[in-house]
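Undergrad: Quick one: the structure is below, questions incoming.
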Amino acid sequence: MVIMKRDVDINEISDGRRYKSNDMIKVGCAECSGCSDCCRQVDDTIILDPYDLYQLEKGLDTDFDSLMGKNPEPVIELGNADGLLLPHLKINNSSGACSFLNDDGRCSIHRFRPGFCRLYPLGRIYEDGGFSYFLQIHECPYPNKTKVKIKKWLDIDDLPAYEAFVLKWHDLLEDVRSELSGISDLSDRSRYTVAFLKRFYQTPYDTGRPFYEQFYER
Ligand code: SF4
Ligand code: SF4
C-alpha cells in the first residue's frame, strides 16, 4: 500500500487533478469484494497521527504502551519518518499482513481504522497553505470502480474539524523537522524526538473527552 510519497511528481501517480471533500471520485470498489491486497502490503507505510492513536485507544480500550507491547505481539512500532520517530502499524510476523487483518481477510478495526486506510487509494497534496486530495492511479486494481463523494469515502465524523487537524499536524511536523535539522548533537536530537513522541502519542488521551481539544492543548 503506497499512501503518501514525498518528493514525487504527482502527474506520474495521479490523473493530474486536485479534489476537495465534496467532489466525486472513482474509487468505489464494492466494499473490496473479498480482496484484501492493500492490507497485505502495508510494510511500514501506515504512519499513525495522534487522531489515529486516540481512535485506537478508544476503540480497543488500550494505550500507546500496550499497543507497542508484547501481548500477544505488538501491533504498532516506531520508525524513522523523514527524521522523526513516529509510530506505524506493524505487520504480523507470520502472515506478513497488517496486524489488524483478520482470518476472513477483513479489517478487525474497520470502525476506527487509521486515516491512511480511509484515504487509500487517495493521497493528499499540501500546497498554498492548504491541501487537496488526489487519486493514485496505480493503486487498487479493482476494475470498473464507481464514483463516490470523497466525504463519504473517508467516513470520518466532523470532517471540517478533522481536515483542520490534518493540516495543523502536517504543518507542525514540517516545523519540527526543520527545527530538528538545526540540532547537530545526536543526543539532543534523540531527546527532542522522544519528547515529541511522548507529548503527542505516549501520554494517554482521555477517550471520554473529544480528541481535538486535547490535541490543541498539547
Ligand atoms: S486493493 Fe482495492 S479492492 Fe483490494 S482491498 Fe484494497 S481497496 Fe479494496
Ligand atoms: S488497519 Fe485495517 S484497513 Fe488498515 S491496513 Fe490494517 S487491516 Fe487494512
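Order determines the names: the first chain of the C-alpha cells is A, the second B, and so forth; residues in each chain are numbered 1 upward, and ligands are numbered 1 upward as they are shown.
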Give the residues close to ligand 2, within 12 Å, counting only C-alpha atoms and all ligand atoms; write them as a PyMOL selection string.
TA: chain A and resi 1-3+31-32+35-48+52-53+55-56+75-76+88-92+96-121+154
Undergrad: Write out as number ranges by chain the residues lying within 12 Å of segment 197-205 of chain A, counting only C-alpha atoms and excluding same-chain residues fewer than 6 positions away.
TA: A: 48-58, 61-68, 76, 78-80, 84-88, 169, 172-173, 176, 190-191, 211-218
Undergrad: Using atom CA of Arg18 of chain A and atom CA of Arg177 of chain A as the two end points, give the distance in Å to one decimal.
TA: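 Distance between the two atoms: 26.1 Å.
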Undergrad: Among segment 4-218 of chain A, which residues carry a DSSP assignment of alpha helix (DSSP H), reported as an MDAnalysis selection string?
TA: chainID A and resid 10:13 50:60 64:68 115:119 150:154 159:181 186:197 211:217
Undergrad: Enter the distance from atom CA of Glu127 of chain A to atom CA of Glu12 of chain A, in Å, rounded to one decimal.
TA: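 One can read the atom CA of Glu127 of chain A to atom CA of Glu12 of chain A distance as 17.6 Å.
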Undergrad: I need the strand (DSSP E) residues of segment 3-199 of chain A per DSSP on the backbone, written as a ChimeraX atom specification.
TA: /A:24-28,76-81,84-89,122-127,130-135,146-149
Undergrad: Would you write out those residues with C-alpha atoms, as a PDB file, in the first residue's frame?
TA:
```
ATOM      1  CA  MET A  24     -16.998  12.786  -6.610  1.00  0.00           C
ATOM      2  CA  ILE A  25     -14.149  10.436  -7.471  1.00  0.00           C
ATOM      3  CA  LYS A  26     -13.877   6.943  -8.975  1.00  0.00           C
ATOM      4  CA  VAL A  27     -12.780   4.805  -6.038  1.00  0.00           C
ATOM      5  CA  GLY A  28     -15.833   2.664  -5.205  1.00  0.00           C
ATOM      6  CA  ILE A  76       2.344  -0.820  16.209  1.00  0.00           C
ATOM      7  CA  GLU A  77       6.041   0.012  16.131  1.00  0.00           C
ATOM      8  CA  LEU A  78       8.261   3.051  15.766  1.00  0.00           C
ATOM      9  CA  GLY A  79      10.026   4.038  12.584  1.00  0.00           C
ATOM     10  CA  ASN A  80      12.004   6.848  11.080  1.00  0.00           C
ATOM     11  CA  ALA A  81       9.633   9.107   9.156  1.00  0.00           C
ATOM     12  CA  LEU A  84      11.142  11.916  13.102  1.00  0.00           C
ATOM     13  CA  LEU A  85      10.356   8.921  15.248  1.00  0.00           C
ATOM     14  CA  LEU A  86       6.685   8.136  14.552  1.00  0.00           C
ATOM     15  CA  PRO A  87       4.538   5.033  15.106  1.00  0.00           C
ATOM     16  CA  HIS A  88       3.147   2.958  12.233  1.00  0.00           C
ATOM     17  CA  LEU A  89       1.008  -0.162  12.059  1.00  0.00           C
ATOM     18  CA  LEU A 122      -6.357   8.702  -2.476  1.00  0.00           C
ATOM     19  CA  GLY A 123      -3.409  10.789  -1.390  1.00  0.00           C
ATOM     20  CA  ARG A 124      -3.072  14.329  -0.075  1.00  0.00           C
ATOM     21  CA  ILE A 125      -1.083  17.114  -1.642  1.00  0.00           C
ATOM     22  CA  TYR A 126      -0.191  20.106   0.523  1.00  0.00           C
ATOM     23  CA  GLU A 127       0.203  23.428  -1.265  1.00  0.00           C
ATOM     24  CA  GLY A 130      -3.947  24.028   2.417  1.00  0.00           C
ATOM     25  CA  PHE A 131      -4.316  20.563   0.978  1.00  0.00           C
ATOM     26  CA  SER A 132      -6.242  18.735  -1.738  1.00  0.00           C
ATOM     27  CA  TYR A 133      -6.901  15.093  -2.400  1.00  0.00           C
ATOM     28  CA  PHE A 134      -5.603  13.281  -5.457  1.00  0.00           C
ATOM     29  CA  LEU A 135      -6.221   9.856  -6.928  1.00  0.00           C
ATOM     30  CA  THR A 146     -17.837   3.556  -9.143  1.00  0.00           C
ATOM     31  CA  LYS A 147     -17.974   7.252  -8.280  1.00  0.00           C
ATOM     32  CA  VAL A 148     -18.163   8.163  -4.605  1.00  0.00           C
ATOM     33  CA  LYS A 149     -18.104  11.518  -2.839  1.00  0.00           C
TER      34      LYS A 149
END
```
